[in-house]
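Asker: What follows is model00.cif, made up of mmCIF, C-alpha atoms:
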data_coords
#
loop_
_atom_site.label_atom_id
_atom_site.label_comp_id
_atom_site.auth_asym_id
_atom_site.auth_seq_id
_atom_site.Cartn_x
_atom_site.Cartn_y
_atom_site.Cartn_z
CA MET A 124 0.68 -1.37 1.21
CA ARG A 125 -0.27 1.27 -1.35
CA ILE A 126 -0.48 0.69 -5.08
CA LEU A 127 -1.04 2.85 -8.15
CA LEU A 128 -3.60 1.66 -10.71
CA VAL A 129 -3.25 3.11 -14.22
CA GLU A 130 -6.26 1.88 -16.22
CA ASP A 131 -8.34 3.90 -18.69
CA GLU A 132 -11.44 1.68 -18.67
CA GLU A 133 -13.33 3.61 -16.02
CA ARG A 134 -15.73 0.84 -14.97
CA LEU A 135 -12.89 -1.67 -14.65
CA SER A 136 -10.81 0.84 -12.73
CA GLN A 137 -13.63 1.52 -10.26
CA ALA A 138 -14.25 -2.19 -9.77
CA LEU A 139 -10.55 -2.88 -9.11
CA VAL A 140 -10.34 0.01 -6.65
CA GLU A 141 -13.20 -1.49 -4.62
CA ILE A 142 -11.56 -4.93 -4.69
CA PHE A 143 -8.23 -3.56 -3.49
CA LYS A 144 -9.89 -1.59 -0.71
CA LYS A 145 -11.86 -4.64 0.47
CA ASN A 146 -8.55 -6.46 0.76
CA ARG A 147 -7.04 -3.65 2.86
CA ILE A 148 -4.78 -2.41 0.08
CA GLY A 149 -4.52 1.34 -0.34
CA VAL A 150 -4.91 2.43 -3.95
CA ASP A 151 -4.80 5.54 -6.12
CA ALA A 152 -6.32 5.23 -9.59
CA VAL A 153 -5.67 7.37 -12.68
CA LEU A 154 -7.08 7.03 -16.19
CA ASN A 155 -4.16 8.09 -18.39
CA GLY A 156 -0.42 7.71 -18.69
CA THR A 157 0.42 11.37 -18.14
CA ASP A 158 -1.14 11.35 -14.68
CA GLY A 159 0.21 7.85 -14.11
CA LEU A 160 3.79 8.98 -14.64
CA GLU A 161 3.37 11.96 -12.32
CA TYR A 162 1.91 9.80 -9.57
CA ALA A 163 4.51 7.06 -10.04
CA GLN A 164 7.36 9.55 -9.74
CA SER A 165 6.21 10.45 -6.22
CA GLY A 166 7.89 7.30 -4.92
CA ILE A 167 5.14 6.46 -2.42
CA TYR A 168 3.87 3.27 -4.05
CA ASP A 169 4.72 -0.34 -3.27
CA ALA A 170 3.61 -1.52 -6.72
CA ILE A 171 2.01 -0.27 -9.94
CA VAL A 172 -0.70 -2.06 -11.92
CA LEU A 173 -0.30 -0.61 -15.41
CA ASP A 174 -2.45 -1.08 -18.50
CA ILE A 175 -0.44 -0.87 -21.72
CA MET A 176 -3.14 0.70 -23.91
CA ILE A 177 -3.82 4.01 -22.17
CA PRO A 178 -4.17 7.58 -23.49
CA GLY A 179 -1.47 10.16 -23.05
CA ILE A 180 1.78 8.34 -22.40
CA ASP A 181 1.23 4.69 -23.25
CA GLY A 182 2.04 2.04 -20.66
CA LEU A 183 5.29 0.85 -22.20
CA SER A 184 6.62 4.41 -22.57
CA LEU A 185 5.66 5.12 -18.96
CA LEU A 186 7.49 1.99 -17.81
CA LYS A 187 10.57 2.88 -19.87
CA LYS A 188 10.64 6.37 -18.38
CA LEU A 189 10.46 5.02 -14.81
CA ARG A 190 13.29 2.58 -15.37
CA GLU A 191 15.44 5.26 -17.01
CA GLU A 192 14.94 7.29 -13.83
CA HIS A 193 16.08 4.26 -11.79
CA ASN A 194 12.63 3.95 -10.27
CA ASN A 195 12.46 0.24 -9.45
CA VAL A 196 8.92 0.06 -8.09
CA PRO A 197 7.43 -3.34 -9.06
CA VAL A 198 5.19 -3.08 -12.14
CA LEU A 199 2.45 -5.50 -13.18
CA LEU A 200 1.36 -4.97 -16.79
CA LEU A 201 -2.19 -5.53 -18.02
CA THR A 202 -2.16 -6.59 -21.67
CA ALA A 203 -4.59 -7.55 -24.43
CA LYS A 204 -4.99 -11.31 -24.76
CA ASP A 205 -3.29 -11.67 -28.15
CA GLU A 206 -0.56 -9.05 -27.88
CA ILE A 207 2.48 -11.28 -27.31
CA SER A 208 4.85 -8.56 -28.51
CA ASP A 209 3.59 -6.19 -25.81
CA LYS A 210 4.35 -8.79 -23.14
CA VAL A 211 7.85 -9.37 -24.46
CA ASN A 212 8.58 -5.65 -24.83
CA GLY A 213 7.21 -4.96 -21.36
CA LEU A 214 9.41 -7.56 -19.71
CA ASP A 215 12.43 -6.32 -21.67
CA LEU A 216 11.74 -2.78 -20.46
CA GLY A 217 11.71 -3.88 -16.82
CA ALA A 218 8.18 -5.03 -15.99
CA ASP A 219 8.08 -7.55 -13.16
CA ASP A 220 4.99 -9.47 -14.26
CA TYR A 221 2.01 -9.32 -16.62
CA MET A 222 -1.59 -10.49 -16.85
CA THR A 223 -3.86 -10.73 -19.86
CA LYS A 224 -7.43 -9.42 -19.92
CA PRO A 225 -9.85 -10.74 -18.82
CA PHE A 226 -8.30 -11.95 -15.58
CA SER A 227 -9.27 -13.36 -12.21
CA THR A 228 -9.31 -10.75 -9.47
CA ASP A 229 -8.03 -13.34 -6.98
CA GLU A 230 -5.04 -13.95 -9.23
CA LEU A 231 -4.47 -10.22 -9.58
CA LEU A 232 -4.37 -9.83 -5.79
CA ALA A 233 -1.98 -12.77 -5.50
CA ARG A 234 0.30 -11.32 -8.18
CA VAL A 235 0.38 -7.92 -6.44
CA ARG A 236 1.22 -9.54 -3.09
CA ALA A 237 3.98 -11.55 -4.75
CA LEU A 238 5.48 -8.41 -6.28
CA THR A 239 5.64 -6.59 -2.97
CA ARG A 240 7.14 -9.62 -1.25
CA ARG A 241 9.90 -9.75 -3.85
CA LYS A 242 10.52 -6.07 -3.29
CA GLY A 243 11.20 -6.99 0.32
CA ASP A 244 8.66 -4.58 1.73
CA ILE A 245 6.75 -7.14 3.80
CA ARG A 246 3.40 -8.66 3.31
CA GLU A 247 3.39 -11.43 5.84
CA ASP A 248 -0.06 -12.24 7.21
CA ASP A 249 0.95 -11.35 10.77
CA ARG A 250 3.44 -8.86 12.17
CA THR A 251 4.70 -9.11 15.72
CA PHE A 252 6.52 -6.48 17.74
CA GLY A 253 7.16 -7.01 21.43
CA ASP A 254 4.03 -8.53 22.95
CA LEU A 255 1.72 -7.15 20.25
CA THR A 256 0.67 -8.78 16.96
CA LEU A 257 -1.00 -7.16 13.96
CA SER A 258 -3.17 -9.76 12.21
CA LYS A 259 -3.91 -9.08 8.55
CA LYS A 260 -6.26 -12.04 8.25
CA ASN A 261 -8.51 -10.86 11.06
CA CYS A 262 -7.77 -7.13 10.79
CA GLU A 263 -7.12 -6.89 14.50
CA LEU A 264 -4.51 -6.35 17.18
CA GLN A 265 -3.69 -9.27 19.44
CA SER A 266 -1.80 -9.39 22.72
CA ALA A 267 0.53 -12.19 23.76
CA SER A 268 -1.99 -13.05 26.51
CA GLY A 269 -4.77 -13.71 23.98
CA LEU A 270 -6.73 -10.44 24.05
CA ALA A 271 -7.77 -8.91 20.72
CA VAL A 272 -9.39 -5.75 19.33
CA LYS A 273 -10.79 -5.13 15.87
CA LEU A 274 -9.34 -2.39 13.66
CA SER A 275 -10.83 -0.16 11.01
CA LEU A 276 -9.14 -0.17 7.60
CA LYS A 277 -7.19 3.04 8.17
CA GLU A 278 -6.21 1.98 11.69
CA TYR A 279 -4.83 -1.24 10.23
CA GLN A 280 -2.96 0.59 7.44
CA ILE A 281 -1.35 3.06 9.85
CA LEU A 282 -0.29 0.26 12.18
CA ASP A 283 1.05 -1.74 9.24
CA LEU A 284 3.33 1.19 8.41
CA LEU A 285 4.48 1.52 12.04
CA PHE A 286 5.05 -2.22 12.43
CA GLU A 287 7.09 -2.19 9.23
CA ASN A 288 9.44 0.42 10.72
CA PRO A 289 9.68 -0.16 14.51
CA HIS A 290 11.71 2.37 16.50
CA GLN A 291 11.72 4.70 13.47
CA ILE A 292 9.87 8.00 13.41
CA ILE A 293 7.30 7.98 10.62
CA VAL A 294 6.60 11.58 9.69
CA LYS A 295 3.01 12.70 9.34
CA GLU A 296 3.49 13.62 5.68
CA ARG A 297 4.48 10.04 4.87
CA ILE A 298 1.49 8.63 6.73
CA ILE A 299 -0.87 10.88 4.75
CA GLU A 300 0.79 9.95 1.44
CA LYS A 301 0.76 6.20 2.13
CA ILE A 302 -2.69 5.94 3.72
CA TRP A 303 -4.78 8.72 2.20
CA GLY A 304 -2.88 9.18 -1.08
CA GLY A 305 -0.70 11.88 -2.55
CA ASP A 306 -3.60 14.00 -3.82
CA SER A 307 -5.67 13.72 -0.65
CA ASN A 308 -6.99 16.69 1.30
CA ALA A 309 -6.22 14.90 4.56
CA GLU A 310 -4.49 17.02 7.18
CA TYR A 311 -2.34 16.33 10.22
CA ASN A 312 -5.49 16.35 12.33
CA ASN A 313 -6.74 13.27 10.47
CA VAL A 314 -3.59 11.40 11.44
CA GLU A 315 -3.78 12.57 15.05
CA VAL A 316 -7.37 11.38 15.39
CA TYR A 317 -6.57 7.90 14.12
CA ILE A 318 -3.45 7.66 16.28
CA SER A 319 -5.63 8.50 19.28
CA PHE A 320 -8.07 5.70 18.38
CA ILE A 321 -5.21 3.24 17.95
CA ARG A 322 -3.58 4.17 21.25
CA LYS A 323 -6.80 3.50 23.15
CA LYS A 324 -7.08 0.07 21.56
CA ILE A 325 -3.47 -0.76 22.39
CA GLU A 326 -3.98 0.34 26.00
CA ASN A 327 -7.00 -1.95 26.29
CA LEU A 328 -4.76 -4.92 25.44
CA HIS A 329 -2.44 -4.22 28.43
CA VAL A 330 0.74 -4.69 26.41
CA HIS A 331 4.14 -3.00 26.64
CA VAL A 332 4.06 -1.58 23.12
CA ARG A 333 3.30 2.10 22.73
CA ILE A 334 3.09 4.70 19.97
CA ARG A 335 5.46 7.50 20.87
CA THR A 336 4.98 11.04 19.56
CA ALA A 337 7.88 13.01 18.14
CA ARG A 338 6.34 16.43 18.68
CA GLY A 339 5.70 18.25 15.43
CA ILE A 340 7.24 15.44 13.39
CA GLY A 341 5.47 12.08 13.60
CA TYR A 342 5.22 8.79 15.47
CA SER A 343 7.21 5.67 16.26
CA LEU A 344 6.34 2.22 17.57
CA GLU A 345 8.25 1.44 20.78
CA ASP A 346 8.56 -1.45 23.26
CA GLU A 347 8.66 -0.14 26.83
CA THR A 348 10.52 -3.23 28.04
CA ARG A 349 13.60 -2.23 26.04
#
Go through the file and emit its structure as structure tokens.
Answerer:
Amino acid sequence: MRILLVEDEERLSQALVEIFKKNRIGVDAVLNGTDGLEYAQSGIYDAIVLDIMIPGIDGLSLLKKLREEHNNVPVLLLTAKDEISDKVNGLDLGADDYMTKPFSTDELLARVRALTRRKGDIREDDRTFGDLTLSKKNCELQSASGLAVKLSLKEYQILDLLFENPHQIIVKERIIEKIWGGDSNAEYNNVEVYISFIRKKIENLHVHVRIRTARGIGYSLEDETR
């Protein structure tokens, strides 16, 4: 999962970024609506957490623009406590949910997970493909025979993307966008290194699932028994 955070309070933004990362959620953060719109139009995000009162393009105008472009990415609005009209206008413009400041970070995480589930993109605790399971709760890979190996955050995020699209080639550009972010300096070599780490861990579990390379293109998750 990768989300876009558009919040102009820098300290709050930094705190939320750390919280999302600790919960294995990829996040890009911007401090104004102009950058927020540009990032949102990339189409790489599973959800957007959007403050209404931001400089540049305000949150409601940003939301309206996205919906006019038929961009249906789930949007969670952050609103001032007493601004009922903002909540109503936001929902009318196509927001999926809203929260008032101050808010519980646990509730924020739950709301974001709910949005991505409704989008149909996943977010079950465990994913299983063939005789291999990706456990979100434990951040590890598990074999059907009971073996397990721990994963780093980026290893988990790459596998989450592959498990979401089994038998489909995931191009390297998409992996970089989803895992490192659209403005990252990450290169193909970064992806190749992590794929190598993941392959070794899969091999140690003695399962039939493998990551297949489409030379010069990307990778796919395959079950050798099929």
Asker: Would you mind reading off the distance between CA of Thr239 in chain A and CA of Ala271 in chain A, one decimal, in Å?
Answerer: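 It comes out at 27.3 Å.
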Asker: Return as a ChimeraX atom specification the set of residues that the PyMOL selection byres ((chain A and resi 131) around 9) yields on the displayed structure.
Answerer: /A:129-130,132-136,153-156,174,176-178
Asker: Hey, which of A:Val211, A:Ala237, A:Phe143, A:Val150 ends up closest to Glu300 in chain A? Count all atoms listed in the file.
Answerer: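 Checking each candidate against Glu300 in chain A, we get A:Val150 as the closest.
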Asker: For Arg234 in chain A, find every residue with an atom within 9 Å (counting all atoms listed in the file), except residues of its own chain fewer than 6 positions away, and show them as number ranges by chain.
Answerer: A: 199, 220-222
Asker: For the PyMOL selection byres ((chain A and resi 264) around 10), applied here, can you spell out every residue it catches as a list of chain:residue names?
Answerer: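 Applying the expression gives A:Asp249, A:Arg250, A:Thr251, A:Leu255, A:Thr256, A:Leu257, A:Ser258, A:Lys259, A:Asn261, A:Cys262, A:Glu263, A:Gln265, A:Ser266, A:Leu270, A:Ala271, A:Val272, A:Lys273, A:Leu274, A:Tyr279, A:Leu282, A:Ile321, A:Lys324, A:Ile325, A:Leu328.
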Asker: To one decimal place in Å, what is the distance between CA of Val332 in chain A and CA of His290 in chain A?
Answerer: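 Spanning CA of Val332 in chain A to CA of His290 in chain A is a straight-line distance of 10.9 Å.
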Asker: Mind giving me the straight-line distance from CA of Gly159 in chain A to CA of Asn288 in chain A in Å, one decimal?
Answerer: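 Interatomic distance, CA of Gly159 in chain A to CA of Asn288 in chain A: 27.5 Å.
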Asker: Do you know which residues are at most 9 Å from Leu127 in chain A counting only C-alpha atoms, after dropping those on the same chain fewer than 2 positions away, and could you put them as a PyMOL selection string?
Answerer: chain A and resi 125+129+149-153+159+162-163+168-173
Asker: Applied to this file, what does the PyMOL selection byres ((chain A and resi 145) around 12) return in terms of residues, put as a VMD selection string?
Answerer: chain A and resid 138 to 144 146 to 150 228 232 262 275 to 277
Asker: Rank nothing, just name the residue among A:Ile281, A:Val235, A:Ala218, A:Ala203 nearest to Ser319 in chain A, using only C-alpha atoms.
Answerer: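 So, comparing all the options, the nearest one is A:Ile281.
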Asker: Would you kindly return, as a count of residues only, each protein, DNA or RNA residue with an atom no farther than 7 Å from any atom of Lys295 in chain A, considering only C-alpha atoms and excluding same-chain residues fewer than 6 positions away?
Answerer: 3
Asker: From the set A:Arg236, A:Lys224, A:Arg349, A:Arg335, which residue has the shortest atom-to-atom contact distance to Gln291 in chain A, counting all atoms listed in the file?
Answerer: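 Of A:Arg236, A:Lys224, A:Arg349, A:Arg335, the one nearest Gln291 in chain A is A:Arg335, counting all atoms listed in the file.
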Asker: Nearest residue to Arg338 in chain A out of A:Lys323, A:Trp303, A:Val294, A:Gly166, using all atoms listed in the file?
Answerer: A:Val294
Asker: With only C-alpha atoms as the basis for distance, which of A:Gln137, A:Gln280, A:Thr348, A:Asn327 is at the shortest distance from Phe252 in chain A?
Answerer: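 Looking at the shortest contact to Phe252 in chain A, the residue is A:Thr348.
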Asker: Just want the 8 Å neighbourhood of range 183-190 of chain A, counted on only C-alpha atoms, with same-chain residues fewer than 2 positions away dropped. Output as a list in words.
Answerer: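 Using only C-alpha atoms, the neighbours found are Gly156, Gly159, Leu160, Ala163, Gln164, Ile175, Ile180, Asp181, Glu192, His193, Asn194, Asn195, Val198, Asn212, Gly213, Leu216, Gly217 and Ala218 of chain A.
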Asker: Name the closest residue to Arg240 in chain A among the candidates A:Gly269, A:Gly339, A:Pro197, A:Pro225; distances are taken between atoms, counting all atoms listed in the file.
Answerer: A:Pro197
